[in-house]
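K.L.:
Questions regarding the structure given below will be posed in turn.
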Amino acid sequence: MDIARVVSAYFSPTGATRKVAKKLGESLARELGIPHKAADITTPKNRQKELLFASDDLVVLATPTYAGRVPNKLAPELERLIRGSGGACVVATTFGNRNPDSSLVELARIAEAADLRVVGALSIPVRHAFTDKLATGHPDEDDFALLEDVAARVAALIGSATDASDIAAPVIRDGMPVGEYYRPLRADGEPAIFLKAKPVADASLCDGCGICAAACPVGSIDRERPLETPGICIKCQACVRLCPQGARRFDDPDFLSHVQMLEENYARPCEPEVYLGEIARS
Ligand SMILES: Cc1cc2nc3c(=O)[nH]c(=O)nc-3n(C[C@H](O)[C@H](O)[C@H](O)COP(=O)(O)O)c2cc1C
């Protein structure tokens, strides 16, 4: 089957998903001897135009896991943005060492609904946006080696197919359905209620550079008044992690207690999950 280019489309507020998507996309392009293009759909500015894919594009579609799913504000955006033409797609989700739950299944469904043919899927633990204590340092060199290996296997699969429709989609997580959103807990085991929490900014540190406003994936920070966050907050941590002055943080008690709970319970090693399609036999 002929593939003309690889396009890696990714939503990545704090950068881990970008690293995974680009490594996978670049490795696929190298294996297939074709160009690679990155399509960063993290900010509203970059989600204005539809993403139209040709039938000979190989698409890498990557998002983080939020509450065990594709980020809920992003899912409808993806449905609006992505237009496939029956071409092949590899879906990838990152997760912060707790659990990807349904995120990969959901992303595969979104890709299929956009007329892409899922030929591979993977979910990989990476440093949690909330804390450096979970999956510290990931993605690392071993993760990149795994992504190169996955790329080689996907390229071989594609090489043995005449058309994307020859490849039966991988069975992800034993064919589980998309489940409910994960409900966060506090360190004492009670529900952590922080849906309305927003970052606070320290006026004595903020120099008004505007990096937070440009980075916010839901456009909720005003460039001229960066001490406030008037719009919705999806807790992605982009503004907190990207502020060069360290001026932004979350002080919501339930949020902080949830982070403590994660650190106490989810520091164990966590493995990536990889699923490959196979040539459909008629
Ligand atoms: C709002 C939010 C919810 C999250 N929910 C989960 C989760 O349910 N399971 C998990 O293992 N990691 C979870 N994470 C961790 C992210 O999946 C992880 O940090 C991801 O790499 C972030 O991607 P990015 O660096 O590309 O922004 C969550 C992170 C955020 C910001």
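Please note that chains go A, B, ... in the order of the structure tokens, that every chain numbers its residues from 1, and that ligands are numbered from 1 in the order shown.
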Using DSSP on the backbone coordinates, identify all residues within range 5-68 of chain A classified as strand (DSSP E or B); present the result as a PyMOL selection string.

P.N.:
chain A and resi 5-10+36-40+51-52+57-64+66

K.L.:
Would you mind exporting the chosen residues as an mmCIF file, in the first residue's frame, restricted to C-alpha atoms?

P.N.:
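Saved the output as out-v5.cif:
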```
data_model
loop_
_atom_site.group_PDB
_atom_site.id
_atom_site.type_symbol
_atom_site.label_atom_id
_atom_site.label_comp_id
_atom_site.auth_asym_id
_atom_site.auth_seq_id
_atom_site.Cartn_x
_atom_site.Cartn_y
_atom_site.Cartn_z
ATOM 1 C CA ARG A 5 3.714 11.118 4.061
ATOM 2 C CA VAL A 6 3.291 10.723 7.797
ATOM 3 C CA VAL A 7 1.405 13.438 9.687
ATOM 4 C CA SER A 8 1.586 13.527 13.479
ATOM 5 C CA ALA A 9 -1.325 15.465 14.964
ATOM 6 C CA TYR A 10 -1.070 15.983 18.707
ATOM 7 C CA HIS A 36 7.007 13.659 8.148
ATOM 8 C CA LYS A 37 4.853 16.618 9.081
ATOM 9 C CA ALA A 38 3.905 17.704 12.602
ATOM 10 C CA ALA A 39 0.467 19.228 13.258
ATOM 11 C CA ASP A 40 0.276 20.723 16.748
ATOM 12 C CA LEU A 51 -7.244 18.692 9.294
ATOM 13 C CA LEU A 52 -7.861 17.103 5.917
ATOM 14 C CA ASP A 57 -1.407 9.866 4.465
ATOM 15 C CA LEU A 58 -0.410 7.822 7.501
ATOM 16 C CA VAL A 59 -1.757 9.732 10.502
ATOM 17 C CA VAL A 60 -0.418 9.594 14.047
ATOM 18 C CA LEU A 61 -3.126 10.979 16.351
ATOM 19 C CA ALA A 62 -2.010 11.545 19.939
ATOM 20 C CA THR A 63 -3.587 12.995 23.085
ATOM 21 C CA PRO A 64 -3.000 12.738 26.830
ATOM 22 C CA TYR A 66 -7.471 13.133 31.312
#
```

K.L.:
Using only C-alpha atoms, which residues sit within 6 Å of range 90-97 of chain A once same-chain residues fewer than 3 positions away are excluded, as a PyMOL selection string?

P.N.:
chain A and resi 60-65+100+104+118-128+135

K.L.:
Go ahead and write the residues just picked, N, CA and C atoms, as a PDB file, in the first residue's frame.

P.N.:
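Heads up, here's the output in result-v9.pdb:
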```
ATOM      1  N   VAL A  60      -0.618   9.910  12.632  1.00  0.00           N
ATOM      2  CA  VAL A  60      -0.418   9.594  14.047  1.00  0.00           C
ATOM      3  C   VAL A  60      -1.285  10.595  14.814  1.00  0.00           C
ATOM      4  N   LEU A  61      -2.227  10.100  15.591  1.00  0.00           N
ATOM      5  CA  LEU A  61      -3.126  10.979  16.351  1.00  0.00           C
ATOM      6  C   LEU A  61      -2.881  10.726  17.829  1.00  0.00           C
ATOM      7  N   ALA A  62      -2.449  11.766  18.557  1.00  0.00           N
ATOM      8  CA  ALA A  62      -2.010  11.545  19.939  1.00  0.00           C
ATOM      9  C   ALA A  62      -2.589  12.581  20.891  1.00  0.00           C
ATOM     10  N   THR A  63      -3.077  12.104  22.033  1.00  0.00           N
ATOM     11  CA  THR A  63      -3.587  12.995  23.085  1.00  0.00           C
ATOM     12  C   THR A  63      -3.174  12.423  24.452  1.00  0.00           C
ATOM     13  N   PRO A  64      -3.169  13.271  25.470  1.00  0.00           N
ATOM     14  CA  PRO A  64      -3.000  12.738  26.830  1.00  0.00           C
ATOM     15  C   PRO A  64      -4.296  12.093  27.313  1.00  0.00           C
ATOM     16  N   THR A  65      -4.194  11.339  28.388  1.00  0.00           N
ATOM     17  CA  THR A  65      -5.361  10.835  29.123  1.00  0.00           C
ATOM     18  C   THR A  65      -5.720  11.865  30.188  1.00  0.00           C
ATOM     19  N   PRO A 100      -4.530   4.543  31.843  1.00  0.00           N
ATOM     20  CA  PRO A 100      -5.142   5.189  30.677  1.00  0.00           C
ATOM     21  C   PRO A 100      -6.641   4.910  30.602  1.00  0.00           C
ATOM     22  N   LEU A 104      -7.533   5.290  25.129  1.00  0.00           N
ATOM     23  CA  LEU A 104      -7.075   4.778  23.834  1.00  0.00           C
ATOM     24  C   LEU A 104      -8.250   4.252  23.005  1.00  0.00           C
ATOM     25  N   VAL A 118      -7.746   2.617  11.797  1.00  0.00           N
ATOM     26  CA  VAL A 118      -6.757   2.420  12.872  1.00  0.00           C
ATOM     27  C   VAL A 118      -5.992   1.121  12.625  1.00  0.00           C
ATOM     28  N   VAL A 119      -4.664   1.251  12.444  1.00  0.00           N
ATOM     29  CA  VAL A 119      -3.827   0.065  12.192  1.00  0.00           C
ATOM     30  C   VAL A 119      -2.911  -0.239  13.381  1.00  0.00           C
ATOM     31  N   GLY A 120      -2.807   0.710  14.304  1.00  0.00           N
ATOM     32  CA  GLY A 120      -1.985   0.494  15.486  1.00  0.00           C
ATOM     33  C   GLY A 120      -2.439   1.426  16.594  1.00  0.00           C
ATOM     34  N   ALA A 121      -2.150   1.045  17.839  1.00  0.00           N
ATOM     35  CA  ALA A 121      -2.572   1.856  18.986  1.00  0.00           C
ATOM     36  C   ALA A 121      -1.592   1.634  20.126  1.00  0.00           C
ATOM     37  N   LEU A 122      -1.269   2.699  20.807  1.00  0.00           N
ATOM     38  CA  LEU A 122      -0.413   2.510  21.980  1.00  0.00           C
ATOM     39  C   LEU A 122      -0.706   3.555  23.037  1.00  0.00           C
ATOM     40  N   SER A 123      -0.470   3.131  24.277  1.00  0.00           N
ATOM     41  CA  SER A 123      -0.639   4.037  25.408  1.00  0.00           C
ATOM     42  C   SER A 123       0.621   3.917  26.249  1.00  0.00           C
ATOM     43  N   ILE A 124       1.163   5.054  26.651  1.00  0.00           N
ATOM     44  CA  ILE A 124       2.494   5.013  27.262  1.00  0.00           C
ATOM     45  C   ILE A 124       2.557   5.937  28.484  1.00  0.00           C
ATOM     46  N   PRO A 125       3.106   5.423  29.610  1.00  0.00           N
ATOM     47  CA  PRO A 125       3.203   6.288  30.793  1.00  0.00           C
ATOM     48  C   PRO A 125       4.277   7.357  30.614  1.00  0.00           C
ATOM     49  N   VAL A 126       3.947   8.557  30.998  1.00  0.00           N
ATOM     50  CA  VAL A 126       4.888   9.691  30.920  1.00  0.00           C
ATOM     51  C   VAL A 126       4.745  10.513  32.203  1.00  0.00           C
ATOM     52  N   ARG A 127       5.715  11.365  32.449  1.00  0.00           N
ATOM     53  CA  ARG A 127       5.650  12.215  33.640  1.00  0.00           C
ATOM     54  C   ARG A 127       4.278  12.877  33.759  1.00  0.00           C
ATOM     55  N   HIS A 128       3.693  12.749  34.949  1.00  0.00           N
ATOM     56  CA  HIS A 128       2.365  13.328  35.163  1.00  0.00           C
ATOM     57  C   HIS A 128       2.444  14.846  35.169  1.00  0.00           C
ATOM     58  N   ALA A 135       6.118   8.605  37.023  1.00  0.00           N
ATOM     59  CA  ALA A 135       6.744   8.334  35.712  1.00  0.00           C
ATOM     60  C   ALA A 135       7.829   9.384  35.429  1.00  0.00           C
TER      61      ALA A 135
END
```

K.L.:
Return the single residue from A:Arg98, A:Arg241, A:Arg30, A:Arg153 that is closest to ligand 1, with distances computed using only C-alpha atoms and all ligand atoms.

P.N.:
A:Arg98

K.L.:
Per DSSP on the backbone, filter range 94-277 of chain A down to the residues in helix (DSSP H, G or I) and report them as a PyMOL selection string.

P.N.:
chain A and resi 103-113+141-159+164-166+173-175+211-215+238-242+253-265

K.L.:
Export C-alpha atoms of the chosen residues as a compact mmCIF listing (two decimals), in the first residue's frame?

P.N.:
```
# COMPACT_ATOMS: atom_id res chain seq x y z
CA SER A 103 -8.55 6.98 26.56
CA LEU A 104 -7.07 4.78 23.83
CA VAL A 105 -10.36 3.07 22.98
CA GLU A 106 -12.05 6.46 22.79
CA LEU A 107 -9.33 7.97 20.60
CA ALA A 108 -9.54 4.99 18.23
CA ARG A 109 -13.31 5.50 17.97
CA ILE A 110 -12.83 9.20 17.22
CA ALA A 111 -10.32 8.33 14.48
CA GLU A 112 -12.65 5.75 12.95
CA ALA A 113 -15.60 8.16 13.03
CA GLU A 141 15.51 6.65 25.75
CA ASP A 142 13.90 3.25 26.40
CA ASP A 143 10.49 4.69 25.50
CA PHE A 144 11.94 6.11 22.28
CA ALA A 145 13.41 2.68 21.46
CA LEU A 146 9.98 1.15 22.00
CA LEU A 147 8.43 3.76 19.69
CA GLU A 148 11.02 2.95 17.01
CA ASP A 149 10.16 -0.72 17.35
CA VAL A 150 6.42 0.00 17.07
CA ALA A 151 7.13 2.13 13.99
CA ALA A 152 9.08 -0.73 12.36
CA ARG A 153 6.21 -3.15 13.06
CA VAL A 154 3.56 -0.76 11.72
CA ALA A 155 5.68 -0.11 8.61
CA ALA A 156 5.98 -3.88 8.02
CA LEU A 157 2.21 -4.27 8.44
CA ILE A 158 1.55 -1.47 5.97
CA GLY A 159 4.10 -2.96 3.57
CA ALA A 164 -5.67 0.29 4.51
CA SER A 165 -8.94 -1.65 4.37
CA ASP A 166 -6.88 -4.90 4.21
CA ARG A 173 -7.93 -3.63 25.94
CA ASP A 174 -9.86 -6.79 25.05
CA GLY A 175 -12.48 -4.76 23.22
CA ILE A 211 3.66 32.89 27.57
CA CYS A 212 0.82 31.53 29.73
CA ALA A 213 -1.84 33.22 27.57
CA ALA A 214 -0.29 31.86 24.37
CA ALA A 215 0.05 28.34 25.82
CA ALA A 238 0.57 24.36 30.71
CA CYS A 239 0.56 27.84 32.26
CA VAL A 240 2.09 26.56 35.51
CA ARG A 241 4.86 24.57 33.86
CA LEU A 242 5.68 27.02 31.07
CA PRO A 253 -6.92 22.03 48.73
CA ASP A 254 -8.81 19.20 46.99
CA PHE A 255 -6.54 19.44 43.94
CA LEU A 256 -3.42 19.32 46.11
CA SER A 257 -4.83 16.42 48.13
CA HIS A 258 -5.57 14.53 44.89
CA VAL A 259 -1.97 15.01 43.76
CA GLN A 260 -0.80 13.67 47.14
CA MET A 261 -3.10 10.65 46.70
CA LEU A 262 -1.65 9.97 43.24
CA GLU A 263 1.92 10.23 44.54
CA GLU A 264 1.14 7.83 47.40
CA ASN A 265 -0.67 5.21 45.31
```

K.L.:
Tell me which of A:Pro184, A:Ile34, A:Ile279, A:Ala29 sits closest to Ser160 in chain A, counting only C-alpha atoms.

P.N.:
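Closest candidate: A:Ile279.
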